[in-house]
file coords_33.csv (CSV, C-alpha atoms and all ligand atoms)
chain,number,residue,atom,x,y,z
A,1,MET,CA,11.7,4.7,11.7
A,2,ARG,CA,11.6,5.7,8.1
A,3,ALA,CA,14.7,3.7,7.1
A,4,GLU,CA,12.9,0.5,8.0
A,5,TRP,CA,10.0,1.4,5.7
A,6,ARG,CA,12.1,0.3,2.8
A,7,ARG,CA,12.7,-3.2,4.1
A,8,CYS,CA,9.0,-3.7,4.9
A,9,LEU,CA,8.0,-2.6,1.4
A,10,ALA,CA,10.5,-4.9,-0.3
A,11,VAL,CA,8.6,-7.7,1.3
A,12,CYS,CA,5.3,-6.3,0.1
A,13,ALA,CA,6.7,-6.1,-3.5
A,14,ALA,CA,7.7,-9.7,-3.5
A,15,ALA,CA,4.3,-10.7,-2.3
A,16,ALA,CA,2.3,-8.5,-4.6
A,17,LEU,CA,3.4,-10.0,-7.9
A,18,SER,CA,4.9,-13.4,-7.1
A,19,ALA,CA,3.1,-16.6,-7.9
A,20,CYS,CA,2.8,-17.6,-4.2
A,21,HIS,CA,0.8,-14.5,-3.7
A,22,THR,CA,-2.3,-16.2,-5.1
A,23,ALA,CA,-1.7,-19.7,-3.9
A,24,PHE,CA,-1.1,-19.5,-0.2
A,25,GLY,CA,-2.6,-17.7,2.7
A,26,PRO,CA,-1.5,-17.2,6.3
A,27,GLU,CA,-1.0,-20.3,8.4
A,28,PRO,CA,-4.2,-22.2,9.4
A,29,ILE,CA,-5.7,-21.1,12.7
A,30,GLU,CA,-3.9,-22.6,15.6
A,31,GLU,CA,-5.0,-22.4,19.2
A,32,ASN,CA,-2.5,-19.8,20.1
A,33,TRP,CA,-4.4,-17.1,18.3
A,34,HIS,CA,-7.1,-15.0,19.9
A,35,THR,CA,-9.7,-13.8,17.5
A,36,TYR,CA,-11.4,-10.3,17.6
A,37,GLU,CA,-14.2,-9.9,15.1
A,38,GLY,CA,-15.0,-6.4,13.9
A,39,ALA,CA,-17.6,-5.2,11.5
A,40,ARG,CA,-15.3,-5.6,8.4
A,41,VAL,CA,-12.0,-6.7,9.9
A,42,THR,CA,-11.3,-9.8,12.0
A,43,PHE,CA,-8.0,-9.6,13.9
A,44,PHE,CA,-5.9,-12.7,14.9
A,45,VAL,CA,-3.5,-11.8,17.7
A,46,ARG,CA,-1.2,-13.8,20.0
A,47,PRO,CA,-2.6,-14.1,23.5
A,48,GLY,CA,-1.2,-11.3,25.7
A,49,SER,CA,0.6,-9.6,22.8
A,50,PHE,CA,1.2,-6.0,22.1
A,51,ALA,CA,-1.3,-6.4,19.3
A,52,GLU,CA,-3.9,-7.8,21.6
A,53,GLN,CA,-3.5,-4.9,24.0
A,54,ASN,CA,-4.1,-2.5,21.1
A,55,VAL,CA,-6.5,-4.5,19.0
A,56,ALA,CA,-9.4,-2.0,19.5
A,57,ARG,CA,-7.3,0.8,18.1
A,58,LEU,CA,-5.9,-1.3,15.3
A,59,THR,CA,-9.4,-2.3,14.4
A,60,GLU,CA,-10.5,1.3,14.4
A,61,VAL,CA,-7.7,2.3,12.1
A,62,LEU,CA,-8.4,-0.5,9.6
A,63,GLU,CA,-12.1,0.1,9.6
A,64,ASP,CA,-11.4,3.7,8.7
A,65,GLN,CA,-8.9,2.6,6.0
A,66,PHE,CA,-11.5,0.3,4.6
A,67,THR,CA,-14.1,3.1,4.3
A,68,SER,CA,-11.5,5.5,2.9
A,69,THR,CA,-10.0,3.2,0.2
A,70,VAL,CA,-13.5,2.1,-1.0
A,71,ALA,CA,-14.6,5.8,-1.3
A,72,SER,CA,-11.4,7.2,-2.8
A,73,LEU,CA,-11.3,4.6,-5.6
A,74,ARG,CA,-15.0,4.0,-5.8
A,75,LEU,CA,-14.7,0.3,-5.2
A,76,THR,CA,-17.7,-2.0,-4.9
A,77,TYR,CA,-15.8,-4.4,-2.6
A,78,ALA,CA,-17.8,-5.2,0.5
A,79,GLY,CA,-15.8,-8.2,1.8
A,80,HIS,CA,-14.2,-8.8,5.1
A,81,LEU,CA,-10.5,-8.5,6.0
A,82,HIS,CA,-8.5,-11.0,8.1
A,83,ALA,CA,-5.5,-9.4,9.8
A,84,TYR,CA,-2.9,-11.6,11.4
A,85,ALA,CA,-0.6,-9.7,13.8
A,86,TYR,CA,2.7,-11.3,14.7
A,87,ASN,CA,5.1,-10.6,17.6
A,88,SER,CA,8.2,-10.4,15.5
A,89,GLY,CA,9.6,-10.6,12.0
A,90,ALA,CA,11.3,-13.9,12.9
A,91,GLU,CA,7.9,-15.4,14.0
A,92,ALA,CA,6.4,-14.5,10.6
A,93,ASN,CA,9.5,-15.4,8.5
A,94,PHE,CA,10.0,-11.7,7.6
A,95,PRO,CA,13.4,-10.1,7.3
A,96,SER,CA,12.6,-7.4,10.0
A,97,ASN,CA,10.1,-6.4,12.6
A,98,TYR,CA,8.7,-3.8,10.1
A,99,ALA,CA,7.2,-6.0,7.5
A,100,GLY,CA,3.9,-7.3,6.1
A,101,ARG,CA,2.4,-9.4,3.4
A,102,ALA,CA,-1.0,-9.5,1.7
A,103,TYR,CA,-3.0,-12.4,0.3
A,104,PRO,CA,-5.9,-10.8,-1.6
A,105,ASP,CA,-7.4,-14.1,-2.7
A,106,THR,CA,-8.1,-15.0,0.8
A,107,GLU,CA,-8.9,-11.4,1.9
A,108,SER,CA,-6.1,-11.7,4.4
A,109,PHE,CA,-2.8,-10.1,5.3
A,110,ARG,CA,-0.2,-10.5,8.0
A,111,PHE,CA,2.1,-8.0,9.6
A,112,VAL,CA,4.4,-7.6,12.6
A,113,ALA,CA,2.9,-5.5,15.4
A,114,VAL,CA,5.6,-4.1,17.8
A,115,ALA,CA,5.5,-1.0,20.0
A,116,PRO,CA,5.0,1.9,19.8
A,117,ILE,CA,1.4,2.2,18.7
A,118,GLY,CA,1.4,5.0,16.1
A,119,ASP,CA,2.2,6.1,12.6
A,120,ASN,CA,4.6,3.3,11.5
A,121,LEU,CA,2.5,0.5,12.7
A,122,PHE,CA,-0.8,2.0,11.4
A,123,GLN,CA,0.6,2.7,8.0
A,124,LEU,CA,2.1,-0.8,7.7
A,125,ALA,CA,-1.2,-2.5,8.6
A,126,SER,CA,-3.1,-0.1,6.4
A,127,HIS,CA,-0.8,-0.6,3.4
A,128,GLU,CA,-1.3,-4.3,3.6
A,129,ALA,CA,-5.0,-3.9,4.0
A,130,ASN,CA,-5.0,-1.7,0.9
A,131,HIS,CA,-3.5,-4.5,-1.2
A,132,VAL,CA,-6.4,-6.7,-0.3
A,133,LEU,CA,-9.0,-4.0,-0.8
A,134,ILE,CA,-7.6,-2.7,-4.1
A,135,THR,CA,-6.9,-6.1,-5.6
A,136,ASN,CA,-10.4,-7.4,-4.8
A,137,GLY,CA,-11.9,-4.1,-6.0
A,138,LEU,CA,-10.0,-3.6,-9.2
A,139,GLY,CA,-8.2,-6.9,-10.0
A,140,ARG,CA,-4.5,-7.2,-10.4
A,141,ALA,CA,-2.5,-4.1,-11.3
A,142,GLY,CA,-0.1,-4.5,-14.3
A,143,THR,CA,3.0,-3.0,-12.7
A,144,TYR,CA,4.8,-2.8,-9.4
A,145,PHE,CA,4.4,1.0,-9.8
A,146,MET,CA,0.6,0.7,-9.5
A,147,THR,CA,0.5,-2.2,-7.1
A,148,GLU,CA,2.8,-0.7,-4.5
A,149,GLY,CA,2.3,3.0,-5.2
A,150,LEU,CA,-1.5,2.9,-5.0
A,151,ALA,CA,-1.5,0.9,-1.7
A,152,SER,CA,0.3,3.9,-0.1
A,153,ALA,CA,-1.3,6.6,-2.2
A,154,VAL,CA,-4.7,5.9,-0.6
A,155,LEU,CA,-3.5,5.8,3.0
A,156,SER,CA,-6.1,7.4,5.2
A,157,GLU,CA,-4.7,10.0,7.6
A,158,THR,CA,-7.5,9.9,10.1
A,159,PHE,CA,-5.2,8.2,12.6
A,160,HIS,CA,-1.7,9.0,11.3
A,161,GLN,CA,0.2,11.3,9.0
A,162,SER,CA,2.1,8.7,6.9
A,163,GLY,CA,0.1,9.3,3.7
A,164,ARG,CA,0.1,12.6,1.8
A,165,HIS,CA,1.6,14.5,4.8
A,166,PHE,CA,4.6,12.2,4.5
A,167,LEU,CA,4.7,11.5,0.8
A,168,PHE,CA,4.5,15.0,-0.7
A,169,PRO,CA,7.2,16.6,1.5
A,170,TRP,CA,9.3,13.5,1.0
A,171,THR,CA,9.4,14.0,-2.7
A,172,ARG,CA,9.9,17.7,-2.4
A,173,SER,CA,13.0,17.2,-0.2
A,174,ARG,CA,14.5,14.9,-2.8
A,175,ARG,CA,13.3,16.8,-5.8
A,176,ALA,CA,16.7,16.8,-7.6
A,177,GLN,CA,17.2,13.0,-7.2
A,178,LEU,CA,13.7,11.7,-8.0
A,179,PRO,CA,13.5,9.0,-10.6
A,180,ARG,CA,11.5,9.7,-13.7
A,181,VAL,CA,7.9,8.3,-13.6
A,182,SER,CA,8.7,6.6,-16.9
A,183,THR,CA,11.4,4.7,-15.1
A,184,LEU,CA,9.1,3.6,-12.3
A,185,ILE,CA,6.4,2.3,-14.7
A,186,ASP,CA,9.0,0.1,-16.3
A,187,GLU,CA,9.4,-3.2,-14.4
A,188,GLU,CA,13.2,-3.2,-14.9
A,189,GLY,CA,13.4,0.4,-14.0
A,190,TRP,CA,11.5,-0.2,-10.9
A,191,GLN,CA,13.9,-3.0,-9.9
A,192,ARG,CA,16.9,-0.7,-10.4
A,193,THR,CA,15.4,2.0,-8.2
A,194,PRO,CA,16.1,1.9,-4.5
A,195,GLU,CA,13.0,0.4,-2.9
A,196,GLY,CA,12.1,3.3,-0.6
A,197,THR,CA,12.5,5.8,-3.5
A,198,ALA,CA,10.4,3.7,-5.8
A,199,TYR,CA,7.6,3.2,-3.3
A,200,ASN,CA,7.5,6.8,-2.1
A,201,THR,CA,7.8,8.5,-5.5
A,202,SER,CA,5.2,6.3,-7.1
A,203,ALA,CA,2.8,6.8,-4.2
A,204,SER,CA,3.3,10.6,-4.2
A,205,PHE,CA,2.7,10.8,-8.0
A,206,LEU,CA,-0.4,8.5,-7.8
A,207,ALA,CA,-1.8,10.4,-4.7
A,208,TRP,CA,-1.5,13.7,-6.7
A,209,LEU,CA,-3.0,12.1,-9.8
A,210,LEU,CA,-5.9,10.7,-7.9
A,211,ASP,CA,-6.5,14.1,-6.1
A,212,THR,CA,-6.2,16.0,-9.4
A,213,TYR,CA,-8.0,13.9,-11.9
A,214,GLY,CA,-10.1,11.5,-9.8
A,215,PRO,CA,-10.5,7.8,-9.6
A,216,ASP,CA,-12.3,7.0,-12.8
A,217,ARG,CA,-9.3,7.8,-15.0
A,218,LEU,CA,-6.9,6.1,-12.6
A,219,ARG,CA,-9.0,2.9,-12.7
A,220,GLN,CA,-8.6,2.9,-16.5
A,221,ILE,CA,-4.8,2.8,-16.3
A,222,TYR,CA,-4.6,0.6,-13.2
A,223,PRO,CA,-4.4,-2.8,-14.9
A,224,LEU,CA,-2.1,-1.8,-17.7
A,225,ARG,CA,1.3,-3.4,-18.3
A,226,SER,CA,4.3,-1.1,-18.6
A,227,ASN,CA,4.4,-1.0,-22.4
A,228,GLN,CA,0.7,-0.1,-22.6
A,229,MET,CA,0.9,2.7,-20.1
A,230,PRO,CA,2.3,5.7,-22.1
A,231,ASP,CA,-0.3,5.6,-24.9
A,232,ARG,CA,-3.2,4.8,-22.7
A,233,ILE,CA,-2.3,7.6,-20.3
A,234,ALA,CA,-2.2,10.0,-23.2
A,235,SER,CA,-5.7,9.0,-24.3
A,236,VAL,CA,-7.2,8.7,-20.9
A,237,TYR,CA,-5.8,12.0,-19.5
A,238,GLY,CA,-5.5,13.9,-22.8
A,239,ARG,CA,-1.8,14.6,-22.1
A,240,SER,CA,1.4,12.7,-22.0
A,241,LEU,CA,3.0,11.0,-19.0
A,242,GLU,CA,5.7,13.6,-19.2
A,243,ALA,CA,3.2,16.4,-19.1
A,244,LEU,CA,1.5,14.9,-16.1
A,245,GLU,CA,4.8,14.4,-14.4
A,246,ALA,CA,5.7,18.1,-15.0
A,247,GLU,CA,2.4,19.1,-13.5
A,248,TRP,CA,2.9,16.9,-10.4
A,249,LEU,CA,6.4,18.4,-10.0
A,250,ARG,CA,5.1,21.9,-10.2
A,251,PHE,CA,2.6,20.9,-7.4
A,252,ILE,CA,5.5,19.5,-5.4
A,253,ASP,CA,7.6,22.7,-5.9
A,254,GLY,CA,4.7,24.8,-4.8
A,255,LEU,CA,4.3,23.1,-1.4
B,301,ZN,ZN,3.0,-3.5,-0.5

call {"tool": "encode", "arguments": {"input": "coords_33.csv", "output": "structure tokens"}}
result
Amino acid sequence: MRAEWRRCLAVCAAAALSACHTAFGPEPIEENWHTYEGARVTFFVRPGSFAEQNVARLTEVLEDQFTSTVASLRLTYAGHLHAYAYNSGAEANFPSNYAGRAYPDTESFRFVAVAPIGDNLFQLASHEANHVLITNGLGRAGTYFMTEGLASAVLSETFHQSGRHFLFPWTRSRRAQLPRVSTLIDEEGWQRTPEGTAYNTSASFLAWLLDTYGPDRLRQIYPLRSNQMPDRIASVYGRSLEALEAEWLRFIDGL
């Protein structure tokens, strides 16, 4: 359910820029995990769990996401992901069953895997995998806007339609209420914006920016702090943030 997307992403936001993000990984391996080693993703699942029943499909989705993210951002990352699938939010100390958290320094992430198998679960696992892939490929982003927006902007839609097929219509349907991009790149502005709106608007803008102007320019603005962003965007893209925003909105209006 889309409403739950917001709560999940709030957890991601806390993980992405907080100090504990770098210091701790998932719990050590206990005997009540089953391990499934894929080419570039190893899954840790509870014996007999929903995740274990669907581990082949989940592995397929994340292998595809790995390929897609590396290609779309021209990453050189060739590491190995470690995905921990929990049976409930309570078991993982998350606020809901629709939540995840990434630990890029240990190339790992954890998320709750509950039925049904499909778009919501695939995009949740893929978003967390993207935090690991992008942070290891490009270093730390300088803003929540880039950290969270890009992890959803590069969602592959091979196995679901929760990337561009969701983001662009979502922004079009809320066209009159969208926050300004200048608000989202500001950390305080981000915090003031409702989470779902902040995530989806940022991801829609960044997906369009990536599609229109390619990864090389995006990589140049990726690490910038809020106060560096407007001037560097103007020099990298040859136009102001406001001009890019207007261009994106014309694209959205034309859908
Ligand atoms: Zn996130």

call {"tool": "closest_residue", "arguments": {"input": "coords_33.csv", "among": "A:Val114, A:Ala153, A:Phe145, A:Thr171", "to": "Trp190 in chain A", "atoms": "all atoms listed in the file"}}
result
A:Phe145

call {"tool": "residues_near_point", "arguments": {"input": "coords_33.csv", "point": "(-6.2, -12.7, -5.1)", "cutoff": "8 Å", "atoms": "only C-alpha atoms", "output": "PyMOL selection string"}}
result
chain A and resi 21-22+103-107+132+135-136+139-140

call {"tool": "atom_distance", "arguments": {"input": "coords_33.csv", "atom1": "CA of Arg172 in chain A", "atom2": "CA of Val61 in chain A"}}
result
27.5 Å

call {"tool": "closest_residue", "arguments": {"input": "coords_33.csv", "among": "A:Arg110, A:Arg232, A:Arg164, A:Arg101", "to": "ligand ZN 301 (chain B)", "atoms": "only C-alpha atoms and all ligand atoms"}}
result
A:Arg101

call {"tool": "atom_distance", "arguments": {"input": "coords_33.csv", "atom1": "CA of Met146 in chain A", "atom2": "CA of His127 in chain A"}}
result
13.0 Å

call {"tool": "build_atoms", "arguments": {"input": "coords_33.csv", "residues": "range 203-231 of chain A", "atoms": "N, CA and C atoms", "output": "tab-separated table (two decimals), in the frame of the given file"}}
result
chain	number	residue	atom	x	y	z
A	203	ALA	N	3.98	6.51	-4.98
A	203	ALA	CA	2.80	6.80	-4.20
A	203	ALA	C	2.52	8.34	-4.19
A	204	SER	N	3.55	9.16	-4.18
A	204	SER	CA	3.30	10.60	-4.20
A	204	SER	C	2.69	11.00	-5.57
A	205	PHE	N	3.23	10.47	-6.68
A	205	PHE	CA	2.70	10.80	-8.00
A	205	PHE	C	1.21	10.31	-8.09
A	206	LEU	N	0.94	9.09	-7.64
A	206	LEU	CA	-0.40	8.50	-7.80
A	206	LEU	C	-1.40	9.25	-6.83
A	207	ALA	N	-0.95	9.67	-5.64
A	207	ALA	CA	-1.80	10.40	-4.70
A	207	ALA	C	-2.21	11.75	-5.40
A	208	TRP	N	-1.23	12.41	-6.01
A	208	TRP	CA	-1.50	13.70	-6.70
A	208	TRP	C	-2.44	13.42	-7.91
A	209	LEU	N	-2.17	12.37	-8.67
A	209	LEU	CA	-3.00	12.10	-9.80
A	209	LEU	C	-4.42	11.78	-9.44
A	210	LEU	N	-4.60	11.05	-8.37
A	210	LEU	CA	-5.90	10.70	-7.90
A	210	LEU	C	-6.65	12.01	-7.38
A	211	ASP	N	-5.94	12.84	-6.64
A	211	ASP	CA	-6.50	14.10	-6.10
A	211	ASP	C	-6.91	15.02	-7.27
A	212	THR	N	-6.08	15.06	-8.31
A	212	THR	CA	-6.20	16.00	-9.40
A	212	THR	C	-7.23	15.61	-10.44
A	213	TYR	N	-7.21	14.35	-10.80
A	213	TYR	CA	-8.00	13.90	-11.90
A	213	TYR	C	-9.04	12.80	-11.56
A	214	GLY	N	-9.09	12.42	-10.29
A	214	GLY	CA	-10.10	11.50	-9.80
A	214	GLY	C	-9.88	10.05	-10.09
A	215	PRO	N	-10.75	9.21	-9.49
A	215	PRO	CA	-10.50	7.80	-9.60
A	215	PRO	C	-10.89	7.12	-10.89
A	216	ASP	N	-11.82	7.68	-11.63
A	216	ASP	CA	-12.30	7.00	-12.80
A	216	ASP	C	-11.19	6.82	-13.85
A	217	ARG	N	-10.41	7.88	-14.06
A	217	ARG	CA	-9.30	7.80	-15.00
A	217	ARG	C	-8.20	6.86	-14.49
A	218	LEU	N	-7.96	6.97	-13.18
A	218	LEU	CA	-6.90	6.10	-12.60
A	218	LEU	C	-7.29	4.63	-12.75
A	219	ARG	N	-8.55	4.33	-12.58
A	219	ARG	CA	-9.00	2.90	-12.70
A	219	ARG	C	-8.76	2.42	-14.14
A	220	GLN	N	-8.81	3.31	-15.11
A	220	GLN	CA	-8.60	2.90	-16.50
A	220	GLN	C	-7.13	2.50	-16.76
A	221	ILE	N	-6.22	3.14	-16.07
A	221	ILE	CA	-4.80	2.80	-16.30
A	221	ILE	C	-4.27	1.80	-15.31
A	222	TYR	N	-5.06	1.52	-14.26
A	222	TYR	CA	-4.60	0.60	-13.20
A	222	TYR	C	-4.12	-0.75	-13.69
A	223	PRO	N	-4.86	-1.43	-14.60
A	223	PRO	CA	-4.40	-2.80	-14.90
A	223	PRO	C	-3.34	-2.87	-16.01
A	224	LEU	N	-2.93	-1.74	-16.57
A	224	LEU	CA	-2.10	-1.80	-17.70
A	224	LEU	C	-0.66	-2.28	-17.43
A	225	ARG	N	-0.10	-2.99	-18.41
A	225	ARG	CA	1.30	-3.40	-18.30
A	225	ARG	C	2.15	-2.15	-18.72
A	226	SER	N	3.44	-2.26	-18.41
A	226	SER	CA	4.30	-1.10	-18.60
A	226	SER	C	4.26	-0.58	-20.05
A	227	ASN	N	4.29	-1.49	-21.03
A	227	ASN	CA	4.40	-1.00	-22.40
A	227	ASN	C	3.06	-0.42	-22.92
A	228	GLN	N	1.96	-0.67	-22.19
A	228	GLN	CA	0.70	-0.10	-22.60
A	228	GLN	C	0.47	1.30	-21.96
A	229	MET	N	1.23	1.58	-20.93
A	229	MET	CA	0.90	2.70	-20.10
A	229	MET	C	1.06	4.08	-20.79
A	230	PRO	N	2.15	4.37	-21.51
A	230	PRO	CA	2.30	5.70	-22.10
A	230	PRO	C	1.13	6.10	-23.03
A	231	ASP	N	0.80	5.23	-23.96
A	231	ASP	CA	-0.30	5.60	-24.90
A	231	ASP	C	-1.61	5.70	-24.27
